[in-house]
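Pasting run.txt here (compact mmCIF, C-alpha atoms and all ligand atoms):
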```txt
# COMPACT_ATOMS: atom_id res chain seq x y z
CA MET I 1 0.00 0.00 0.00
CA SER I 2 1.41 3.37 -0.80
CA LYS I 3 1.73 5.56 2.21
CA PRO I 4 1.15 9.28 2.18
CA ARG I 5 4.39 10.84 1.14
CA PRO I 6 6.34 12.88 3.62
CA SER I 7 5.88 16.48 2.60
CA SER I 8 9.50 17.55 3.02
CA GLN I 9 10.92 14.91 0.71
CA PRO I 10 10.80 15.53 -3.06
CA THR I 11 8.80 12.95 -4.94
CA LEU I 12 9.40 11.16 -8.22
CA ASP I 13 6.98 9.11 -10.32
CA VAL I 14 8.50 6.83 -12.94
CA ILE I 15 6.09 5.75 -15.68
CA VAL I 16 6.80 2.65 -17.75
CA PRO I 17 4.43 1.51 -20.52
CA VAL I 18 4.80 -2.18 -21.29
CA TYR I 19 3.33 -4.41 -23.94
CA ASN I 20 4.26 -8.10 -24.02
CA GLU I 21 7.58 -7.61 -22.27
CA GLU I 22 7.58 -10.86 -20.23
CA ALA I 23 11.08 -11.75 -21.39
CA GLY I 24 12.86 -8.62 -20.20
CA ILE I 25 10.71 -6.87 -17.65
CA ARG I 26 12.28 -8.40 -14.52
CA GLN I 27 15.75 -7.43 -15.69
CA PHE I 28 14.50 -3.94 -16.52
CA HIS I 29 12.91 -3.61 -13.10
CA ALA I 30 16.15 -4.61 -11.40
CA LEU I 31 18.03 -1.94 -13.38
CA LEU I 32 15.38 0.65 -12.56
CA ILE I 33 15.43 -0.13 -8.84
CA ASP I 34 19.24 0.09 -8.82
CA SER I 35 18.96 3.54 -10.34
CA ILE I 36 16.28 4.93 -8.06
CA ASN I 37 17.45 3.44 -4.76
CA PRO I 38 20.29 5.94 -4.30
CA LEU I 39 18.00 8.92 -4.97
CA LYS I 40 16.90 11.06 -2.10
CA ASP I 41 13.45 11.38 -3.66
CA HIS I 42 10.47 9.36 -2.57
CA CYS I 43 9.92 7.22 -5.67
CA ARG I 44 6.97 5.43 -7.13
CA VAL I 45 7.07 3.25 -10.23
CA ILE I 46 3.91 3.10 -12.32
CA TYR I 47 3.83 0.24 -14.81
CA VAL I 48 1.13 0.58 -17.43
CA ASN I 49 0.35 -2.81 -18.92
CA ASP I 50 -0.97 -1.92 -22.37
CA GLY I 51 -3.11 -5.02 -22.91
CA SER I 52 -0.27 -7.55 -22.92
CA THR I 53 -1.27 -11.04 -24.00
CA ASP I 54 1.70 -12.81 -22.37
CA ALA I 55 2.69 -13.21 -18.72
CA THR I 56 3.61 -9.51 -18.30
CA GLN I 57 0.68 -8.80 -15.96
CA GLN I 58 1.53 -11.67 -13.58
CA ILE I 59 5.16 -10.60 -13.45
CA LEU I 60 4.18 -6.98 -12.78
CA LEU I 61 1.82 -8.04 -10.01
CA SER I 62 4.59 -10.04 -8.35
CA LEU I 63 6.85 -6.97 -8.55
CA ALA I 64 4.10 -4.86 -6.96
CA GLN I 65 3.66 -7.41 -4.21
CA ALA I 66 7.35 -7.39 -3.41
CA ASP I 67 7.74 -3.61 -3.42
CA PRO I 68 5.15 -1.10 -2.19
CA ARG I 69 6.64 1.55 -4.46
CA VAL I 70 5.30 -0.29 -7.52
CA THR I 71 1.86 0.43 -8.96
CA VAL I 72 0.45 -1.60 -11.85
CA VAL I 73 -2.22 -0.18 -14.12
CA GLU I 74 -3.73 -2.72 -16.46
CA LEU I 75 -5.50 -1.33 -19.53
CA SER I 76 -8.51 -3.15 -20.94
CA ARG I 77 -6.78 -3.81 -24.28
CA ASN I 78 -3.79 -2.66 -26.32
CA PHE I 79 -4.34 1.08 -26.75
CA GLY I 80 -0.85 1.87 -28.00
CA HIS I 81 2.31 3.33 -26.52
CA GLN I 82 1.09 6.95 -26.46
CA ALA I 83 -2.19 6.07 -24.74
CA ALA I 84 -0.35 3.91 -22.20
CA LEU I 85 2.01 6.79 -21.41
CA THR I 86 -1.04 9.02 -20.97
CA ALA I 87 -2.61 6.56 -18.54
CA GLY I 88 0.54 6.72 -16.43
CA LEU I 89 0.80 10.50 -16.62
CA ASP I 90 -2.81 10.83 -15.48
CA LEU I 91 -1.90 9.00 -12.28
CA ALA I 92 1.29 10.89 -11.66
CA ASN I 93 1.23 13.51 -8.94
CA ALA I 94 4.87 13.75 -7.91
CA ASP I 95 7.16 16.78 -8.07
CA TYR I 96 9.03 15.15 -10.94
CA VAL I 97 7.77 12.62 -13.45
CA VAL I 98 9.96 10.48 -15.69
CA THR I 99 8.62 8.37 -18.55
CA LEU I 100 10.68 5.60 -20.10
CA ASP I 101 10.30 2.39 -22.10
CA GLY I 102 10.34 -0.94 -20.31
CA ASP I 103 12.71 -2.68 -22.72
CA GLY I 104 16.01 -1.26 -21.47
CA GLN I 105 16.52 1.02 -24.46
CA HIS I 106 16.04 4.03 -22.19
CA PRO I 107 18.76 3.50 -19.57
CA PRO I 108 17.30 4.14 -16.08
CA SER I 109 20.81 5.14 -14.98
CA LEU I 110 20.16 8.53 -16.63
CA ILE I 111 17.38 9.38 -14.18
CA ALA I 112 19.78 10.81 -11.60
CA GLU I 113 21.27 13.16 -14.20
CA MET I 114 17.80 14.19 -15.39
CA LEU I 115 16.78 15.01 -11.82
CA ALA I 116 19.94 17.05 -11.31
CA LEU I 117 19.07 19.13 -14.39
CA ALA I 118 15.49 19.59 -13.19
CA ARG I 119 16.83 20.85 -9.85
CA GLN I 120 18.93 23.38 -11.73
CA GLY I 121 15.64 24.91 -12.84
CA TYR I 122 14.68 23.15 -16.06
CA ASP I 123 10.99 22.23 -16.38
CA ILE I 124 11.51 19.55 -19.01
CA VAL I 125 14.52 17.31 -19.60
CA LEU I 126 14.31 15.73 -23.05
CA THR I 127 16.57 12.95 -24.17
CA GLN I 128 17.97 12.56 -27.63
CA ARG I 129 19.15 9.30 -29.12
CA ILE I 130 22.56 9.48 -30.69
CA GLU I 131 23.39 6.32 -32.53
CA ALA I 132 27.10 6.22 -33.08
CA GLY I 133 27.42 4.42 -36.37
CA ARG I 134 25.50 1.34 -35.37
CA SER I 135 21.91 0.33 -35.90
CA ALA I 136 21.67 2.06 -39.23
CA GLY I 137 19.01 0.62 -41.42
CA PHE I 138 15.40 1.31 -42.07
CA LYS I 139 14.27 2.47 -38.65
CA ARG I 140 16.97 5.07 -38.28
CA TRP I 141 16.67 6.26 -41.85
CA SER I 142 12.88 6.57 -41.66
CA SER I 143 13.13 8.34 -38.30
CA ASN I 144 15.57 10.92 -39.69
CA ALA I 145 13.47 11.53 -42.81
CA PHE I 146 10.38 11.84 -40.66
CA TYR I 147 11.83 14.52 -38.37
CA ARG I 148 13.15 16.49 -41.33
CA LEU I 149 9.69 16.43 -42.88
CA ILE I 150 7.75 17.34 -39.76
CA ASN I 151 10.12 20.15 -38.84
CA ARG I 152 9.81 21.63 -42.30
CA MET I 153 6.03 21.47 -42.22
CA GLY I 154 4.81 22.45 -38.82
CA GLU I 155 5.39 25.42 -36.60
CA THR I 156 6.19 23.16 -33.65
CA LYS I 157 9.81 22.10 -33.85
CA ILE I 158 10.38 18.55 -32.70
CA LEU I 159 13.77 17.28 -31.62
CA PRO I 160 15.19 14.73 -34.11
CA GLY I 161 15.99 11.43 -32.43
CA GLY I 162 13.76 12.45 -29.56
CA ALA I 163 12.37 9.64 -27.45
CA ASP I 164 9.48 9.31 -25.05
CA PHE I 165 12.14 9.26 -22.35
CA ARG I 166 11.86 12.53 -20.52
CA LEU I 167 11.46 14.22 -17.21
CA MET I 168 8.78 16.80 -16.56
CA ASN I 169 8.06 18.69 -13.40
CA ARG I 170 4.67 18.79 -11.78
CA THR I 171 3.58 22.02 -13.47
CA VAL I 172 4.31 20.66 -16.93
CA VAL I 173 2.58 17.35 -16.22
CA GLU I 174 -0.52 19.11 -14.95
CA LYS I 175 -0.67 21.21 -18.13
CA LEU I 176 -0.07 18.16 -20.30
CA LYS I 177 -2.96 16.39 -18.57
CA THR I 178 -5.34 19.08 -19.80
CA MET I 179 -4.52 18.23 -23.44
CA ARG I 180 -6.96 15.43 -24.12
CA GLU I 181 -6.67 14.93 -27.85
CA TYR I 182 -7.39 11.40 -28.98
CA GLN I 183 -4.72 11.25 -31.68
CA ARG I 184 -1.63 11.71 -29.61
CA PHE I 185 1.97 12.41 -30.42
CA LEU I 186 3.43 13.28 -27.04
CA ARG I 187 6.80 14.38 -28.42
CA GLY I 188 4.98 17.05 -30.42
CA MET I 189 2.62 17.98 -27.62
CA VAL I 190 5.49 18.49 -25.17
CA ALA I 191 7.40 20.54 -27.76
CA TRP I 192 4.28 22.63 -28.37
CA MET I 193 3.99 23.44 -24.64
CA GLY I 194 7.30 25.24 -24.49
CA PHE I 195 8.71 25.67 -20.94
CA LYS I 196 12.34 25.71 -20.02
CA THR I 197 13.78 22.66 -21.72
CA VAL I 198 17.16 21.01 -21.81
CA ILE I 199 18.37 18.13 -23.96
CA LEU I 200 20.30 15.18 -22.63
CA PRO I 201 21.87 13.00 -25.34
CA PHE I 202 22.21 9.27 -24.79
CA GLN I 203 23.25 6.17 -26.68
CA PRO I 204 20.39 3.69 -26.67
CA PRO I 205 21.44 0.18 -25.67
CA ASP I 206 19.87 -2.81 -27.39
CA ARG I 207 16.59 -4.21 -26.18
CA LEU I 208 17.03 -6.42 -23.10
CA ALA I 209 14.83 -9.09 -24.68
CA GLY I 210 12.02 -9.62 -27.12
CA GLN I 211 11.29 -7.59 -30.23
CA SER I 212 10.15 -4.08 -30.99
CA LYS I 213 6.43 -3.72 -30.37
CA TYR I 214 6.25 -0.89 -32.88
CA SER I 215 5.09 -2.62 -36.04
CA LEU I 216 5.44 -0.71 -39.31
CA ARG I 217 1.70 -0.05 -39.08
CA LYS I 218 2.01 1.48 -35.60
CA MET I 219 4.96 3.59 -36.74
CA LEU I 220 3.01 4.89 -39.73
CA ARG I 221 0.05 5.65 -37.50
CA LEU I 222 2.27 7.64 -35.13
CA GLY I 223 3.80 9.49 -38.08
CA MET I 224 0.36 10.34 -39.44
CA ASN I 225 -0.71 11.64 -36.05
CA ALA I 226 2.40 13.79 -35.92
CA VAL I 227 1.82 15.25 -39.37
CA PHE I 228 -1.92 15.75 -39.35
CA SER I 229 -2.37 16.89 -35.78
CA PHE I 230 0.47 19.39 -35.92
CA SER I 231 0.24 20.82 -39.38
CA LEU I 232 -2.23 22.21 -41.87
CA MET I 233 0.61 22.28 -44.39
CA PRO I 234 -0.75 19.38 -46.50
CA LEU I 235 -3.97 21.34 -46.99
CA TYR I 236 -2.07 24.50 -47.97
CA ALA I 237 0.04 22.45 -50.38
CA ALA I 238 -3.10 20.99 -51.92
CA VAL I 239 -4.62 24.43 -52.37
CA THR I 240 -1.38 25.70 -53.91
CA ILE I 241 -1.31 22.84 -56.42
CA GLY I 242 -4.93 23.61 -57.30
CA GLY I 243 -3.98 27.27 -57.81
CA ILE I 244 -1.11 26.33 -60.11
CA PHE I 245 -3.48 24.29 -62.28
CA LEU I 246 -5.93 27.20 -62.50
CA LEU I 247 -3.10 29.46 -63.67
CA LEU I 248 -2.09 26.85 -66.25
CA ALA I 249 -5.67 26.75 -67.48
CA LEU I 250 -5.67 30.54 -67.78
CA ALA I 251 -2.43 30.48 -69.77
CA GLU I 252 -3.87 27.84 -72.04
CA ALA I 253 -7.01 29.92 -72.60
CA ILE I 254 -4.92 32.96 -73.55
CA TYR I 255 -2.83 30.82 -75.87
CA VAL I 256 -5.89 29.44 -77.67
CA LEU I 257 -7.49 32.87 -77.80
CA SER I 258 -4.39 34.24 -79.53
CA PHE I 259 -5.03 31.81 -82.40
CA TRP I 260 -8.60 33.05 -82.66
CA ILE I 261 -7.61 36.68 -82.63
CA SER I 262 -4.99 36.21 -85.30
CA GLY I 263 -7.46 34.14 -87.32
CA ASN I 264 -5.26 31.06 -87.34
CA THR I 265 -7.70 28.59 -85.79
CA ASN I 266 -6.88 26.07 -88.52
CA ARG I 267 -3.38 25.82 -87.09
CA LEU I 268 -4.70 24.50 -83.75
CA ALA I 269 -3.75 20.85 -83.64
CA PRO I 270 -6.35 18.44 -82.31
CA GLY I 271 -4.39 17.87 -79.10
CA TRP I 272 -5.76 14.66 -77.77
CA SER I 273 -2.64 13.61 -75.90
CA SER I 274 -2.09 16.91 -74.14
CA LEU I 275 -5.76 16.95 -73.17
CA MET I 276 -5.49 13.48 -71.65
CA PHE I 277 -2.33 14.50 -69.81
CA MET I 278 -4.01 17.51 -68.24
CA LEU I 279 -7.10 15.49 -67.37
CA LEU I 280 -5.03 12.88 -65.58
CA ILE I 281 -2.95 15.40 -63.67
CA ILE I 282 -5.91 17.49 -62.61
CA GLY I 283 -7.98 14.41 -61.77
CA GLY I 284 -5.11 13.00 -59.73
CA SER I 285 -4.45 16.18 -57.81
CA LEU I 286 -8.18 16.53 -57.07
CA MET I 287 -8.25 13.01 -55.64
CA VAL I 288 -5.16 13.67 -53.52
CA THR I 289 -6.65 16.91 -52.23
CA LEU I 290 -9.94 15.23 -51.40
CA GLY I 291 -8.02 12.47 -49.64
CA LEU I 292 -6.11 15.00 -47.52
CA ILE I 293 -9.32 16.75 -46.56
CA GLY I 294 -10.79 13.33 -45.80
CA ILE I 295 -7.95 12.56 -43.39
CA TYR I 296 -8.48 15.81 -41.53
CA ILE I 297 -12.21 15.12 -41.33
CA GLY I 298 -11.40 11.66 -39.99
CA TYR I 299 -9.26 13.26 -37.30
CA ILE I 300 -12.04 15.70 -36.45
CA PHE I 301 -14.47 12.77 -36.29
CA GLN I 302 -12.20 10.93 -33.85
CA GLU I 303 -11.86 14.00 -31.67
CA VAL I 304 -15.54 14.98 -31.56
CA LYS I 305 -16.49 11.52 -30.34
CA ARG I 306 -14.67 12.43 -27.15
CA ARG I 307 -13.92 8.82 -26.34
CA PRO I 308 -11.54 8.23 -23.45
CA ILE I 309 -7.95 7.75 -24.58
CA TYR I 310 -7.70 4.44 -22.70
CA LEU I 311 -9.72 2.28 -20.32
CA VAL I 312 -8.38 0.85 -17.10
CA ARG I 313 -9.20 -2.77 -16.29
CA SER I 314 -7.46 -3.03 -12.94
CA MET I 315 -5.14 -1.14 -10.68
CA THR I 316 -2.78 -2.58 -8.08
CA PRO I 317 -2.82 -1.40 -5.34
CA GLU I 318 -6.47 -0.43 -5.50
CA PRO I 319 -6.98 3.26 -6.32
CA SER I 320 -8.69 3.93 -2.98
CA ASP I 321 -5.61 2.69 -1.15
CA ALA I 322 -3.30 4.83 -3.19
CA GLY I 323 -5.58 7.84 -3.06
CA TYR I 324 -5.88 8.23 -6.81
CA GLU I 325 -8.61 9.80 -8.74
CA GLU I 326 -9.29 8.51 -12.18
CA SER I 327 -9.54 11.25 -14.72
CA HIS I 328 -9.88 10.96 -18.46
N1 LIG X 1 4.56 -0.38 -25.97
C1 LIG X 1 3.28 -0.22 -25.47
N2 LIG X 1 2.22 -0.39 -26.30
C2 LIG X 1 2.37 -0.67 -27.64
C3 LIG X 1 3.69 -0.77 -28.15
C4 LIG X 1 4.76 -0.61 -27.29
O1 LIG X 1 3.09 0.03 -24.28
O2 LIG X 1 1.37 -0.81 -28.33
C5 LIG X 1 5.71 -0.21 -25.06
C6 LIG X 1 6.78 -1.28 -25.16
O3 LIG X 1 6.51 -2.35 -24.28
C7 LIG X 1 8.04 -0.52 -24.76
C8 LIG X 1 7.75 0.88 -25.27
O4 LIG X 1 6.34 0.99 -25.41
O5 LIG X 1 8.18 -0.46 -23.35
C9 LIG X 1 8.45 1.17 -26.58
O6 LIG X 1 8.13 0.18 -27.52
P1 LIG X 1 9.24 -0.55 -28.39
O7 LIG X 1 10.47 -0.80 -27.60
O8 LIG X 1 8.60 -1.74 -29.00
O9 LIG X 1 9.48 0.55 -29.52
P2 LIG X 1 10.89 0.92 -30.22
O10 LIG X 1 11.90 1.10 -29.12
O11 LIG X 1 11.21 -0.24 -31.09
O12 LIG X 1 10.58 2.17 -30.95
MG MG X 2 12.32 -0.13 -27.63
```
Before anything else, please render the file you have as structure tokens.
Ligand code: UDP
Ligand code: MG
Amino acid sequence: MSKPRPSSQPTLDVIVPVYNEEAGIRQFHALLIDSINPLKDHCRVIYVNDGSTDATQQILLSLAQADPRVTVVELSRNFGHQAALTAGLDLANADYVVTLDGDGQHPPSLIAEMLALARQGYDIVLTQRIEAGRSAGFKRWSSNAFYRLINRMGETKILPGGADFRLMNRTVVEKLKTMREYQRFLRGMVAWMGFKTVILPFQPPDRLAGQSKYSLRKMLRLGMNAVFSFSLMPLYAAVTIGGIFLLLALAEAIYVLSFWISGNTNRLAPGWSSLMFMLLIIGGSLMVTLGLIGIYIGYIFQEVKRRPIYLVRSMTPEPSDAGYEESH
């Protein structure tokens, strides 16, 4: 049972979203405990089980039983990494809140350094992955291309190589909790908030065990959320393309008219191929534009439903014991 925290001691909540991490979660927990034990803060670890279908929940419950600092939130199904992080943040009420992945790729040993920076007066400590030569390949390439794109498009600048491994102080977390959009890209939302921010670079170790739970589909979904919820640029681009075609049409009209004025209509070739070409281009750009508008409408549709971002199936220890209030 979590006891009321002594008021003089600073408090720290560590939030760890996990999805099917049975193979590595014990080892991760041991690393995490080693890193938080020396801290002078009163710590609590909140594991959010994002609908795991393996033995993750049982392992988490045994960790909670062995250590009163551990809270386990079980979601009713797999809602995704960003929703799981949100579930943890909603419970957090400490002076400082750290979020990190439960696969060992976000080294818990950095927490002490993050706290030191927060005590120097920074509201947010972001971490940035620097991959020294290794782990090239598709993931890294696509991540780089993605950040270049998003930073060119939107007004909110997002740190390349940024991870959902960060520290926020209580003020920032409280503000973040008020942002209830359904399509979430926390890296963007935190960047949008501003506040005094510092960047801590780190070299991500390999996963402790198991495989990445970010399928290509989930990665694309996250990328779409980042683009469409932070930028109207695609719509502006579509309008611009439409404008260019209108100008082309005007030029064409003037060109044809000049034949009429000079009385040379017989010299106008029956331009079937050019007509087809224009038809295809204009038809295609109309479809793309409609599709873009459709995506935005889809996003609006998702938001106006005002569904909760996640549903909690169980909480250990019980919320009444821990003094939580559930808020969505
Ligand atoms: N995760 C989650 N829900 C998901 C996918 C992932 O809670 O739907 C967790 C996962 O268990 C891990 C973290 O989010 O703790 C990051 O996922 P992962 O390591 O698979 O992503 P990657 O590091 O490959 O980007
Ligand atoms: Mg990982």
Please build the interface table for region 56-159 of chain I against region 222-246 of chain I with a cut-off of 12 Å, listing for each qualifying residue the nearest atom pair and the distance in Å to one decimal; count all atoms listed in the file, order rows by chain and increasing number, and write it as a tab-separated table.
```
residue	atom	partner	partner_atom	distance
I:Gly80	CA	I:Leu222	CA	9.7
I:His81	CA	I:Leu222	CA	9.6
I:Gln82	CA	I:Leu222	CA	8.8
I:Ala83	CA	I:Leu222	CA	11.4
I:Ser142	CA	I:Gly223	CA	10.2
I:Ser143	CA	I:Gly223	CA	9.4
I:Asn144	CA	I:Gly223	CA	12.0
I:Ala145	CA	I:Gly223	CA	11.0
I:Phe146	CA	I:Gly223	CA	7.4
I:Tyr147	CA	I:Gly223	CA	9.5
I:Arg148	CA	I:Val227	CA	11.6
I:Leu149	CA	I:Val227	CA	8.7
I:Ile150	CA	I:Val227	CA	6.3
I:Asn151	CA	I:Val227	CA	9.7
I:Arg152	CA	I:Met233	CA	9.5
I:Met153	CA	I:Met233	CA	5.9
I:Gly154	CA	I:Ser231	CA	4.9
I:Glu155	CA	I:Ser231	CA	7.4
I:Thr156	CA	I:Phe230	CA	7.2
I:Lys157	CA	I:Phe230	CA	9.9
I:Ile158	CA	I:Ala226	CA	9.8
```
Convert the current residue selection to file output with C-alpha atoms, as a PDB file, keeping the file's coordinate frame.
```pdb
ATOM      1  CA  GLY I  80      -0.850   1.870 -28.000  1.00  0.00           C
ATOM      2  CA  HIS I  81       2.310   3.330 -26.520  1.00  0.00           C
ATOM      3  CA  GLN I  82       1.090   6.950 -26.460  1.00  0.00           C
ATOM      4  CA  ALA I  83      -2.190   6.070 -24.740  1.00  0.00           C
ATOM      5  CA  SER I 142      12.880   6.570 -41.660  1.00  0.00           C
ATOM      6  CA  SER I 143      13.130   8.340 -38.300  1.00  0.00           C
ATOM      7  CA  ASN I 144      15.570  10.920 -39.690  1.00  0.00           C
ATOM      8  CA  ALA I 145      13.470  11.530 -42.810  1.00  0.00           C
ATOM      9  CA  PHE I 146      10.380  11.840 -40.660  1.00  0.00           C
ATOM     10  CA  TYR I 147      11.830  14.520 -38.370  1.00  0.00           C
ATOM     11  CA  ARG I 148      13.150  16.490 -41.330  1.00  0.00           C
ATOM     12  CA  LEU I 149       9.690  16.430 -42.880  1.00  0.00           C
ATOM     13  CA  ILE I 150       7.750  17.340 -39.760  1.00  0.00           C
ATOM     14  CA  ASN I 151      10.120  20.150 -38.840  1.00  0.00           C
ATOM     15  CA  ARG I 152       9.810  21.630 -42.300  1.00  0.00           C
ATOM     16  CA  MET I 153       6.030  21.470 -42.220  1.00  0.00           C
ATOM     17  CA  GLY I 154       4.810  22.450 -38.820  1.00  0.00           C
ATOM     18  CA  GLU I 155       5.390  25.420 -36.600  1.00  0.00           C
ATOM     19  CA  THR I 156       6.190  23.160 -33.650  1.00  0.00           C
ATOM     20  CA  LYS I 157       9.810  22.100 -33.850  1.00  0.00           C
ATOM     21  CA  ILE I 158      10.380  18.550 -32.700  1.00  0.00           C
TER      22      ILE I 158
END
```
Would you pick out the contacts of Glu174 (chain I) at 10 Å or less, using all atoms listed in the file, so that residues sharing its chain but fewer than 6 positions from it are not included, and give the list as an mmCIF file with C-alpha atoms, in the frame of the given file?
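Output contents, as saved in around.cif:
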```
data_model
loop_
_atom_site.group_PDB
_atom_site.id
_atom_site.type_symbol
_atom_site.label_atom_id
_atom_site.label_comp_id
_atom_site.auth_asym_id
_atom_site.auth_seq_id
_atom_site.Cartn_x
_atom_site.Cartn_y
_atom_site.Cartn_z
ATOM 1 C CA LEU I 89 0.800 10.500 -16.620
ATOM 2 C CA ASP I 90 -2.810 10.830 -15.480
ATOM 3 C CA ALA I 92 1.290 10.890 -11.660
ATOM 4 C CA ASN I 93 1.230 13.510 -8.940
ATOM 5 C CA MET I 168 8.780 16.800 -16.560
#
```
Contacts of region 25-33 of chain I at 12 Å or less, counting all atoms listed in the file, minus same-chain residues fewer than 4 places along, as an NGL selection string?
:I and (14-21 or 37-39 or 43-47 or 49 or 54-64 or 66-67 or 69-70 or 98-112 or 207-210)
Between CA of Ser314 (chain I) and CA of Glu74 (chain I), measure the distance and give it in Å to one decimal.
5.1 Å
Given the choices I:Val304, I:Val73, I:Ile36, I:Leu159, which gets closest to Glu318 (chain I) if the distance is worked out from only C-alpha atoms?
I:Val73
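In this model, the gap between CA of Val198 (chain I) and CA of Glu113 (chain I) comes to 11.7 Å.
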How many Å separate CA of Ala87 (chain I) from CA of Tyr122 (chain I)?
24.1 Å
When you count only C-alpha atoms and all ligand atoms, which of these residues is closest to ligand LIG 1 (chain X): I:Lys177, I:Arg129, I:Arg267, I:His42?
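For ligand LIG 1 (chain X), the nearest of the given residues is I:Arg129.
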Would you mind putting N, CA, C and O atoms back on region 112-123 of chain I and writing the result as a short mmCIF file (atom, residue, chain, number, x, y, z; two decimals), in the coordinates of the input?
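That gives us part-v1.cif:
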```cif
data_model
loop_
_atom_site.label_atom_id
_atom_site.label_comp_id
_atom_site.auth_asym_id
_atom_site.auth_seq_id
_atom_site.Cartn_x
_atom_site.Cartn_y
_atom_site.Cartn_z
N ALA I 112 19.13 9.94 -12.58
CA ALA I 112 19.78 10.81 -11.60
C ALA I 112 20.24 12.11 -12.26
O ALA I 112 20.04 13.21 -11.72
N GLU I 113 20.81 11.98 -13.47
CA GLU I 113 21.27 13.16 -14.20
C GLU I 113 20.10 14.06 -14.60
O GLU I 113 20.18 15.29 -14.54
N MET I 114 18.99 13.42 -15.00
CA MET I 114 17.80 14.19 -15.39
C MET I 114 17.29 14.98 -14.19
O MET I 114 16.92 16.17 -14.31
N LEU I 115 17.26 14.33 -13.03
CA LEU I 115 16.78 15.01 -11.82
C LEU I 115 17.69 16.19 -11.47
O LEU I 115 17.22 17.26 -11.09
N ALA I 116 19.00 15.98 -11.64
CA ALA I 116 19.94 17.05 -11.31
C ALA I 116 19.66 18.27 -12.20
O ALA I 116 19.66 19.41 -11.73
N LEU I 117 19.38 18.02 -13.49
CA LEU I 117 19.07 19.13 -14.39
C LEU I 117 17.77 19.82 -14.00
O LEU I 117 17.66 21.05 -14.04
N ALA I 118 16.77 19.01 -13.60
CA ALA I 118 15.49 19.59 -13.19
C ALA I 118 15.70 20.48 -11.96
O ALA I 118 15.11 21.55 -11.85
N ARG I 119 16.59 20.06 -11.07
CA ARG I 119 16.83 20.85 -9.85
C ARG I 119 17.56 22.13 -10.16
O ARG I 119 17.52 23.08 -9.39
N GLN I 120 18.28 22.13 -11.31
CA GLN I 120 18.93 23.38 -11.73
C GLN I 120 17.93 24.38 -12.26
O GLN I 120 18.28 25.50 -12.61
N GLY I 121 16.67 23.96 -12.43
CA GLY I 121 15.64 24.91 -12.84
C GLY I 121 14.99 24.60 -14.18
O GLY I 121 14.19 25.40 -14.67
N TYR I 122 15.35 23.50 -14.81
CA TYR I 122 14.68 23.15 -16.06
C TYR I 122 13.35 22.47 -15.77
O TYR I 122 13.25 21.65 -14.86
N ASP I 123 12.31 22.82 -16.57
CA ASP I 123 10.99 22.23 -16.38
C ASP I 123 10.89 20.88 -17.08
O ASP I 123 10.18 19.98 -16.64
#
```
